[in-house]
file coords-v1.cif (mmCIF, C-alpha atoms)
data_run
#
loop_
_atom_site.group_PDB
_atom_site.id
_atom_site.type_symbol
_atom_site.label_atom_id
_atom_site.label_comp_id
_atom_site.auth_asym_id
_atom_site.auth_seq_id
_atom_site.Cartn_x
_atom_site.Cartn_y
_atom_site.Cartn_z
ATOM 1 C CA MET A 1 -0.508 15.144 3.219
ATOM 2 C CA GLN A 2 -1.876 14.741 -0.308
ATOM 3 C CA ASN A 3 -5.623 14.246 -0.653
ATOM 4 C CA PRO A 4 -6.134 10.768 -2.191
ATOM 5 C CA TRP A 5 -9.714 11.557 -3.225
ATOM 6 C CA THR A 6 -8.539 13.589 -6.201
ATOM 7 C CA SER A 7 -7.973 10.146 -7.781
ATOM 8 C CA LEU A 8 -11.551 8.906 -7.468
ATOM 9 C CA PRO A 9 -12.537 7.183 -10.758
ATOM 10 C CA ALA A 10 -14.864 9.034 -13.099
ATOM 11 C CA THR A 11 -17.235 6.074 -13.330
ATOM 12 C CA VAL A 12 -18.516 3.193 -11.180
ATOM 13 C CA PRO A 13 -17.117 1.527 -9.170
ATOM 14 C CA TYR A 14 -16.285 4.540 -7.024
ATOM 15 C CA VAL A 15 -13.308 3.064 -5.211
ATOM 16 C CA LEU A 16 -9.860 4.580 -4.865
ATOM 17 C CA PRO A 17 -7.182 2.515 -6.599
ATOM 18 C CA SER A 18 -5.298 2.315 -3.296
ATOM 19 C CA ASP A 19 -8.340 0.792 -1.561
ATOM 20 C CA ALA A 20 -9.591 -1.442 -4.357
ATOM 21 C CA TYR A 21 -7.862 -4.727 -3.552
ATOM 22 C CA LEU A 22 -8.832 -4.704 0.136
ATOM 23 C CA LEU A 23 -12.389 -3.575 -0.554
ATOM 24 C CA HIS A 24 -13.146 -6.108 -3.259
ATOM 25 C CA ALA A 25 -11.607 -8.926 -1.202
ATOM 26 C CA PHE A 26 -13.743 -7.900 1.776
ATOM 27 C CA ASN A 27 -16.931 -7.636 -0.306
ATOM 28 C CA ALA A 28 -16.362 -11.107 -1.740
ATOM 29 C CA ARG A 29 -16.766 -12.690 1.688
ATOM 30 C CA ALA A 30 -18.980 -10.162 3.510
ATOM 31 C CA SER A 31 -22.698 -10.480 4.158
ATOM 32 C CA MET A 32 -25.031 -8.232 2.177
ATOM 33 C CA ALA A 33 -25.545 -6.033 5.224
ATOM 34 C CA ASN A 34 -21.807 -5.460 5.628
ATOM 35 C CA ARG A 35 -20.856 -5.208 1.964
ATOM 36 C CA TYR A 36 -19.689 -1.812 0.720
ATOM 37 C CA ASP A 37 -21.753 -0.282 -2.080
ATOM 38 C CA THR A 38 -19.280 0.990 -4.663
ATOM 39 C CA SER A 39 -21.956 2.497 -6.911
ATOM 40 C CA LEU A 40 -22.310 5.408 -4.479
ATOM 41 C CA PHE A 41 -19.941 8.302 -3.982
ATOM 42 C CA PRO A 42 -17.753 7.711 -0.933
ATOM 43 C CA GLU A 43 -18.173 10.184 1.912
ATOM 44 C CA PRO A 44 -14.979 10.187 3.989
ATOM 45 C CA TYR A 45 -15.717 13.665 5.346
ATOM 46 C CA PHE A 46 -17.709 16.821 4.752
ATOM 47 C CA GLY A 47 -17.502 20.373 5.986
ATOM 48 C CA SER A 48 -14.940 23.138 6.017
ATOM 49 C CA LEU A 49 -11.264 22.373 6.605
ATOM 50 C CA ASP A 50 -11.406 25.152 9.217
ATOM 51 C CA ALA A 51 -14.536 23.925 11.017
ATOM 52 C CA PRO A 52 -14.403 24.846 14.728
ATOM 53 C CA VAL A 53 -16.518 21.796 15.628
ATOM 54 C CA VAL A 54 -15.744 18.369 14.148
ATOM 55 C CA VAL A 55 -17.774 15.221 14.752
ATOM 56 C CA LEU A 56 -16.296 11.759 14.260
ATOM 57 C CA ASN A 57 -18.653 9.171 12.840
ATOM 58 C CA LEU A 58 -18.318 5.555 11.678
ATOM 59 C CA ASN A 59 -19.189 5.301 7.964
ATOM 60 C CA PRO A 60 -21.947 6.502 5.631
ATOM 61 C CA GLY A 61 -25.056 4.383 5.768
ATOM 62 C CA LEU A 62 -27.162 2.901 3.022
ATOM 63 C CA SER A 63 -30.706 3.840 2.066
ATOM 64 C CA SER A 64 -33.006 2.526 -0.637
ATOM 65 C CA ASP A 65 -33.108 6.091 -2.009
ATOM 66 C CA ASP A 66 -29.331 6.541 -2.275
ATOM 67 C CA ALA A 67 -28.861 5.122 -5.777
ATOM 68 C CA ALA A 68 -31.360 7.520 -7.341
ATOM 69 C CA VAL A 69 -29.916 10.516 -5.490
ATOM 70 C CA HIS A 70 -26.279 9.725 -6.317
ATOM 71 C CA ALA A 71 -27.218 9.317 -10.000
ATOM 72 C CA LYS A 72 -28.394 12.934 -10.196
ATOM 73 C CA SER A 73 -25.875 15.279 -11.776
ATOM 74 C CA GLU A 74 -26.390 17.975 -9.131
ATOM 75 C CA PHE A 75 -25.612 15.653 -6.240
ATOM 76 C CA ALA A 76 -22.734 13.994 -8.102
ATOM 77 C CA ALA A 77 -21.107 17.374 -8.702
ATOM 78 C CA MET A 78 -21.547 18.357 -5.063
ATOM 79 C CA SER A 79 -20.101 15.038 -3.885
ATOM 80 C CA ARG A 80 -17.003 15.444 -6.017
ATOM 81 C CA SER A 81 -16.565 19.038 -4.850
ATOM 82 C CA SER A 82 -16.850 17.891 -1.239
ATOM 83 C CA LEU A 83 -14.176 15.241 -1.750
ATOM 84 C CA VAL A 84 -11.660 17.868 -2.869
ATOM 85 C CA HIS A 85 -12.724 20.433 -0.211
ATOM 86 C CA GLU A 86 -14.265 22.823 -2.740
ATOM 87 C CA LEU A 87 -17.989 22.605 -1.990
ATOM 88 C CA LYS A 88 -19.461 26.122 -1.649
ATOM 89 C CA PRO A 89 -21.218 28.042 -0.256
ATOM 90 C CA TYR A 90 -22.266 25.318 2.190
ATOM 91 C CA PRO A 91 -19.282 22.962 2.654
ATOM 92 C CA PHE A 92 -21.173 20.340 4.675
ATOM 93 C CA LEU A 93 -22.525 18.065 1.936
ATOM 94 C CA HIS A 94 -25.575 16.925 3.890
ATOM 95 C CA LEU A 95 -26.514 20.310 5.324
ATOM 96 C CA GLN A 96 -27.747 22.292 2.364
ATOM 97 C CA PRO A 97 -30.674 24.758 2.339
ATOM 98 C CA LYS A 98 -32.584 22.166 0.299
ATOM 99 C CA VAL A 99 -32.515 18.571 1.564
ATOM 100 C CA LEU A 100 -31.042 16.595 -1.316
ATOM 101 C CA SER A 101 -30.409 13.129 0.062
ATOM 102 C CA PRO A 102 -31.212 10.512 2.709
ATOM 103 C CA GLY A 103 -28.012 11.697 4.379
ATOM 104 C CA GLY A 104 -29.459 15.185 4.446
ATOM 105 C CA ARG A 105 -32.536 13.946 6.310
ATOM 106 C CA TRP A 106 -30.310 12.041 8.761
ATOM 107 C CA TRP A 107 -28.130 15.039 9.522
ATOM 108 C CA ARG A 108 -31.068 17.443 9.820
ATOM 109 C CA GLN A 109 -32.496 15.169 12.505
ATOM 110 C CA ARG A 110 -29.185 14.866 14.382
ATOM 111 C CA THR A 111 -28.564 18.630 14.338
ATOM 112 C CA ARG A 112 -32.161 19.816 14.760
ATOM 113 C CA GLU A 113 -31.657 21.220 18.263
ATOM 114 C CA LEU A 114 -28.346 22.812 17.345
ATOM 115 C CA ILE A 115 -29.812 24.497 14.256
ATOM 116 C CA SER A 116 -32.691 25.792 16.365
ATOM 117 C CA ASP A 117 -30.258 27.293 18.895
ATOM 118 C CA VAL A 118 -27.517 28.805 16.710
ATOM 119 C CA GLY A 119 -29.025 28.940 13.207
ATOM 120 C CA PHE A 120 -28.706 26.868 10.064
ATOM 121 C CA ASP A 121 -25.884 28.895 8.516
ATOM 122 C CA ALA A 122 -23.710 28.617 11.615
ATOM 123 C CA VAL A 123 -24.070 24.840 11.688
ATOM 124 C CA ALA A 124 -23.760 24.335 7.928
ATOM 125 C CA HIS A 125 -20.570 26.419 7.821
ATOM 126 C CA GLY A 126 -19.056 25.603 11.186
ATOM 127 C CA LEU A 127 -19.647 21.877 11.577
ATOM 128 C CA GLY A 128 -17.366 19.271 10.050
ATOM 129 C CA CYS A 129 -17.678 15.494 9.974
ATOM 130 C CA ILE A 130 -14.969 12.887 9.481
ATOM 131 C CA GLN A 131 -15.970 9.282 8.932
ATOM 132 C CA PHE A 132 -13.851 6.394 10.164
ATOM 133 C CA SER A 133 -14.463 4.479 6.915
ATOM 134 C CA PRO A 134 -15.451 6.256 3.678
ATOM 135 C CA TYR A 135 -17.655 3.719 1.893
ATOM 136 C CA HIS A 136 -21.399 3.134 2.247
ATOM 137 C CA SER A 137 -22.785 0.027 3.899
ATOM 138 C CA GLU A 138 -25.963 -0.984 5.670
ATOM 139 C CA GLN A 139 -23.943 -2.059 8.715
ATOM 140 C CA TYR A 140 -20.295 -1.602 9.561
ATOM 141 C CA ALA A 141 -18.399 -4.865 10.051
ATOM 142 C CA ALA A 142 -15.847 -5.256 12.813
ATOM 143 C CA ALA A 143 -13.795 -7.270 10.319
ATOM 144 C CA SER A 144 -13.674 -4.411 7.819
ATOM 145 C CA PRO A 145 -10.129 -3.756 6.607
ATOM 146 C CA ARG A 146 -8.232 -0.539 7.317
ATOM 147 C CA PHE A 147 -8.079 1.169 3.938
ATOM 148 C CA PRO A 148 -5.020 3.228 2.951
ATOM 149 C CA SER A 149 -7.276 6.239 2.271
ATOM 150 C CA GLN A 150 -8.271 6.354 5.940
ATOM 151 C CA GLU A 151 -4.861 7.782 6.792
ATOM 152 C CA TYR A 152 -5.999 11.033 5.200
ATOM 153 C CA ASN A 153 -9.064 11.083 7.469
ATOM 154 C CA PHE A 154 -6.816 10.609 10.493
ATOM 155 C CA HIS A 155 -4.615 13.421 9.170
ATOM 156 C CA LEU A 156 -7.679 15.704 9.068
ATOM 157 C CA VAL A 157 -8.489 14.825 12.685
ATOM 158 C CA ARG A 158 -4.948 15.688 13.750
ATOM 159 C CA ASN A 159 -5.239 18.999 11.897
ATOM 160 C CA ALA A 160 -8.469 19.714 13.769
ATOM 161 C CA MET A 161 -6.668 19.039 17.048
ATOM 162 C CA ALA A 162 -3.808 21.339 16.025
ATOM 163 C CA ARG A 163 -6.207 24.249 15.436
ATOM 164 C CA GLY A 164 -8.079 23.657 18.704
ATOM 165 C CA ALA A 165 -11.397 22.459 17.282
ATOM 166 C CA GLU A 166 -14.019 20.922 19.521
ATOM 167 C CA ILE A 167 -14.092 17.226 18.585
ATOM 168 C CA VAL A 168 -17.137 15.080 19.290
ATOM 169 C CA VAL A 169 -16.993 11.297 18.920
ATOM 170 C CA MET A 170 -20.457 10.339 17.740
ATOM 171 C CA ARG A 171 -19.819 6.618 17.217
ATOM 172 C CA SER A 172 -17.145 3.917 17.658
ATOM 173 C CA PHE A 173 -15.040 5.554 20.347
ATOM 174 C CA SER A 174 -12.655 2.586 20.610
ATOM 175 C CA LEU A 175 -11.929 2.541 16.870
ATOM 176 C CA TRP A 176 -11.023 6.213 16.900
ATOM 177 C CA MET A 177 -8.834 5.864 19.996
ATOM 178 C CA ASP A 178 -7.006 2.952 18.408
ATOM 179 C CA ALA A 179 -6.396 4.870 15.187
ATOM 180 C CA ILE A 180 -5.418 8.166 16.847
ATOM 181 C CA PRO A 181 -4.155 7.398 20.389
ATOM 182 C CA GLU A 182 -3.345 11.039 21.137
ATOM 183 C CA LEU A 183 -7.069 11.839 20.985
ATOM 184 C CA ALA A 184 -7.463 10.297 24.440
ATOM 185 C CA ASN A 185 -5.548 13.203 25.994
ATOM 186 C CA TYR A 186 -7.005 15.965 23.832
ATOM 187 C CA SER A 187 -8.548 18.613 26.094
ATOM 188 C CA ARG A 188 -11.367 19.510 23.664
ATOM 189 C CA LEU A 189 -12.583 15.945 23.125
ATOM 190 C CA HIS A 190 -16.259 15.234 23.830
ATOM 191 C CA ARG A 191 -18.325 12.082 23.786
ATOM 192 C CA GLY A 192 -22.064 11.583 23.604
ATOM 193 C CA SER A 193 -23.878 9.466 26.163
ATOM 194 C CA ASN A 194 -25.758 7.390 23.569
ATOM 195 C CA PRO A 195 -23.741 6.284 20.491
ATOM 196 C CA ARG A 196 -26.758 4.368 19.182
ATOM 197 C CA ALA A 197 -28.619 7.671 18.840
ATOM 198 C CA PRO A 198 -25.832 10.182 18.149
ATOM 199 C CA PHE A 199 -27.785 13.411 18.308
ATOM 200 C CA ILE A 200 -25.896 16.665 18.744
ATOM 201 C CA SER A 201 -28.166 17.698 21.553
ATOM 202 C CA ARG A 202 -28.178 18.713 25.215
ATOM 203 C CA GLY A 203 -29.568 15.356 26.201
ATOM 204 C CA ASN A 204 -26.769 13.449 24.490
ATOM 205 C CA LEU A 205 -23.787 15.769 25.008
ATOM 206 C CA LYS A 206 -24.683 17.252 28.413
ATOM 207 C CA SER A 207 -22.405 20.200 29.327
ATOM 208 C CA ALA A 208 -20.359 19.784 26.123
ATOM 209 C CA TYR A 209 -23.376 20.958 24.142
ATOM 210 C CA GLU A 210 -22.996 24.505 25.485
ATOM 211 C CA VAL A 211 -19.285 24.511 24.614
ATOM 212 C CA ILE A 212 -20.078 23.498 21.059
ATOM 213 C CA SER A 213 -22.912 26.017 20.759
ATOM 214 C CA ARG A 214 -20.632 28.856 21.856
ATOM 215 C CA ARG A 215 -18.039 27.940 19.237
ATOM 216 C CA LEU A 216 -20.643 27.825 16.461
ATOM 217 C CA ARG A 217 -22.192 31.152 17.427
ATOM 218 C CA THR A 218 -18.996 32.855 16.278
ATOM 219 C CA VAL A 219 -19.171 31.306 12.802
ATOM 220 C CA PRO A 220 -21.497 33.756 10.947
ATOM 221 C CA ASP A 221 -19.034 36.585 11.570
ATOM 222 C CA GLN A 222 -16.365 34.591 9.737
ATOM 223 C CA TYR A 223 -18.243 34.222 6.439
#
call {"tool": "encode", "arguments": {"input": "coords-v1.cif", "output": "structure tokens"}}
result
Amino acid sequence: MQNPWTSLPATVPYVLPSDAYLLHAFNARASMANRYDTSLFPEPYFGSLDAPVVVLNLNPGLSSDDAAVHAKSEFAAMSRSSLVHELKPYPFLHLQPKVLSPGGRWWRQRTRELISDVGFDAVAHGLGCIQFSPYHSEQYAAASPRFPSQEYNFHLVRNAMARGAEIVVMRSFSLWMDAIPELANYSRLHRGSNPRAPFISRGNLKSAYEVISRRLRTVPDQY
């Protein structure tokens, strides 16, 4: 399947042409909390296409610091590289040796225990994330439209299943099951106990945490 994010506009608004009509129509009637911020680079996914562990999230959040970070040339270049699967040497946009963004702080917190157990490089190279919706908002609205670009995200999930990746649903289990019904019967599917605090930790993932840790411990030998 062709990656639609190669067509992201060079300037604001950062909305794919295929998504534009639905997004702008939604924003016109949505509350400020639910409205998508099109001045920020979309984040439909990050991480290696071969990641042995893939987490499924809802959509990128919105911080008061995001605008300043996304305006920096270094972060903009990394965001665009991530969208076309060419970000190196650390393919997970928000797990870089230097914390560059509010998203970086968020992901460092959620993976703190995992990084402590298996090492930063193993997590930064071996973890992938796929968002249900690619655009930033303060809160996700149940009435949000299904954008055409999301089909590529679902394609990436199916590819992860085909290669036997461990898949962890961090948030919005029902949305993911509705979009990809075959996930329900996938033998390597895991679900945290607290979607409101989706930490990749023993407390949240229980026995699945050890499965994930074992997969990531093999990653340094692959790079």
call {"tool": "closest_residue", "arguments": {"input": "coords-v1.cif", "among": "A:Ala141, A:Tyr21, A:Gln109, A:Leu87", "to": "Ser201 in chain A", "atoms": "all atoms listed in the file"}}
result
A:Gln109
call {"tool": "resolve_selection", "arguments": {"input": "coords-v1.cif", "expression": "the PyMOL selection byres ((chain A and resi 16) around 12)", "output": "ChimeraX atom specification"}}
result
/A:3-15,17-24,38,41-42,44,83,134-135,147-150
call {"tool": "residues_around", "arguments": {"input": "coords-v1.cif", "residues": "range 183-190 of chain A", "least_positions_apart": "4", "cutoff": "9 Å", "atoms": "only C-alpha atoms", "output": "ChimeraX atom specification"}}
result
/A:157-158,161,164-170,176-177,205,208
call {"tool": "closest_residue", "arguments": {"input": "coords-v1.cif", "among": "A:His94, A:Arg80, A:Lys88, A:Arg202", "to": "Gly128 in chain A", "atoms": "only C-alpha atoms"}}
result
A:His94
call {"tool": "atom_distance", "arguments": {"input": "coords-v1.cif", "atom1": "CA of Leu56 in chain A", "atom2": "CA of Leu40 in chain A"}}
result
20.7 Å
call {"tool": "resolve_selection", "arguments": {"input": "coords-v1.cif", "expression": "the PyMOL selection byres ((chain A and resi 121) around 10)", "output": "VMD selection string"}}
result
chain A and resid 89 to 90 95 to 97 115 118 to 120 122 to 127 216 to 217 219 to 220 223
call {"tool": "write_last_selection", "arguments": {"input": "coords-v1.cif", "atoms": "C-alpha atoms", "output": "mmCIF file, keeping the file's coordinate frame"}}
result
data_model
loop_
_atom_site.group_PDB
_atom_site.id
_atom_site.type_symbol
_atom_site.label_atom_id
_atom_site.label_comp_id
_atom_site.auth_asym_id
_atom_site.auth_seq_id
_atom_site.Cartn_x
_atom_site.Cartn_y
_atom_site.Cartn_z
ATOM 1 C CA PRO A 89 -21.218 28.042 -0.256
ATOM 2 C CA TYR A 90 -22.266 25.318 2.190
ATOM 3 C CA LEU A 95 -26.514 20.310 5.324
ATOM 4 C CA GLN A 96 -27.747 22.292 2.364
ATOM 5 C CA PRO A 97 -30.674 24.758 2.339
ATOM 6 C CA ILE A 115 -29.812 24.497 14.256
ATOM 7 C CA VAL A 118 -27.517 28.805 16.710
ATOM 8 C CA GLY A 119 -29.025 28.940 13.207
ATOM 9 C CA PHE A 120 -28.706 26.868 10.064
ATOM 10 C CA ALA A 122 -23.710 28.617 11.615
ATOM 11 C CA VAL A 123 -24.070 24.840 11.688
ATOM 12 C CA ALA A 124 -23.760 24.335 7.928
ATOM 13 C CA HIS A 125 -20.570 26.419 7.821
ATOM 14 C CA GLY A 126 -19.056 25.603 11.186
ATOM 15 C CA LEU A 127 -19.647 21.877 11.577
ATOM 16 C CA LEU A 216 -20.643 27.825 16.461
ATOM 17 C CA ARG A 217 -22.192 31.152 17.427
ATOM 18 C CA VAL A 219 -19.171 31.306 12.802
ATOM 19 C CA PRO A 220 -21.497 33.756 10.947
ATOM 20 C CA TYR A 223 -18.243 34.222 6.439
#
call {"tool": "closest_residue", "arguments": {"input": "coords-v1.cif", "among": "A:Ser133, A:Asn204, A:Ser101, A:Ser213", "to": "Met78 in chain A", "atoms": "only C-alpha atoms"}}
result
A:Ser101
call {"tool": "residues_around", "arguments": {"input": "coords-v1.cif", "residues": "Ala143 in chain A", "least_positions_apart": "6", "cutoff": "12 Å", "atoms": "all atoms listed in the file", "output": "number ranges by chain"}}
result
A: 22-23, 25-27, 29-31, 34-35, 175
call {"tool": "atom_distance", "arguments": {"input": "coords-v1.cif", "atom1": "CA of Phe75 in chain A", "atom2": "CA of Ser39 in chain A"}}
result
13.7 Å
call {"tool": "closest_residue", "arguments": {"input": "coords-v1.cif", "among": "A:Leu62, A:Ala77, A:Val69, A:Val53", "to": "Gln139 in chain A", "atoms": "all atoms listed in the file"}}
result
A:Leu62
call {"tool": "axis_aligned_box", "arguments": {"input": "coords-v1.cif", "around": "range 194-209 of chain A", "padding_each_side": "6 Å", "output": "JSON"}}
result
{"center_x": -25.0, "center_y": 12.7, "center_z": 23.7, "size_x": 21.2, "size_y": 28.6, "size_z": 23.2}
call {"tool": "atom_distance", "arguments": {"input": "coords-v1.cif", "atom1": "CA of Asp117 in chain A", "atom2": "CA of Ser82 in chain A"}}
result
26.0 Å
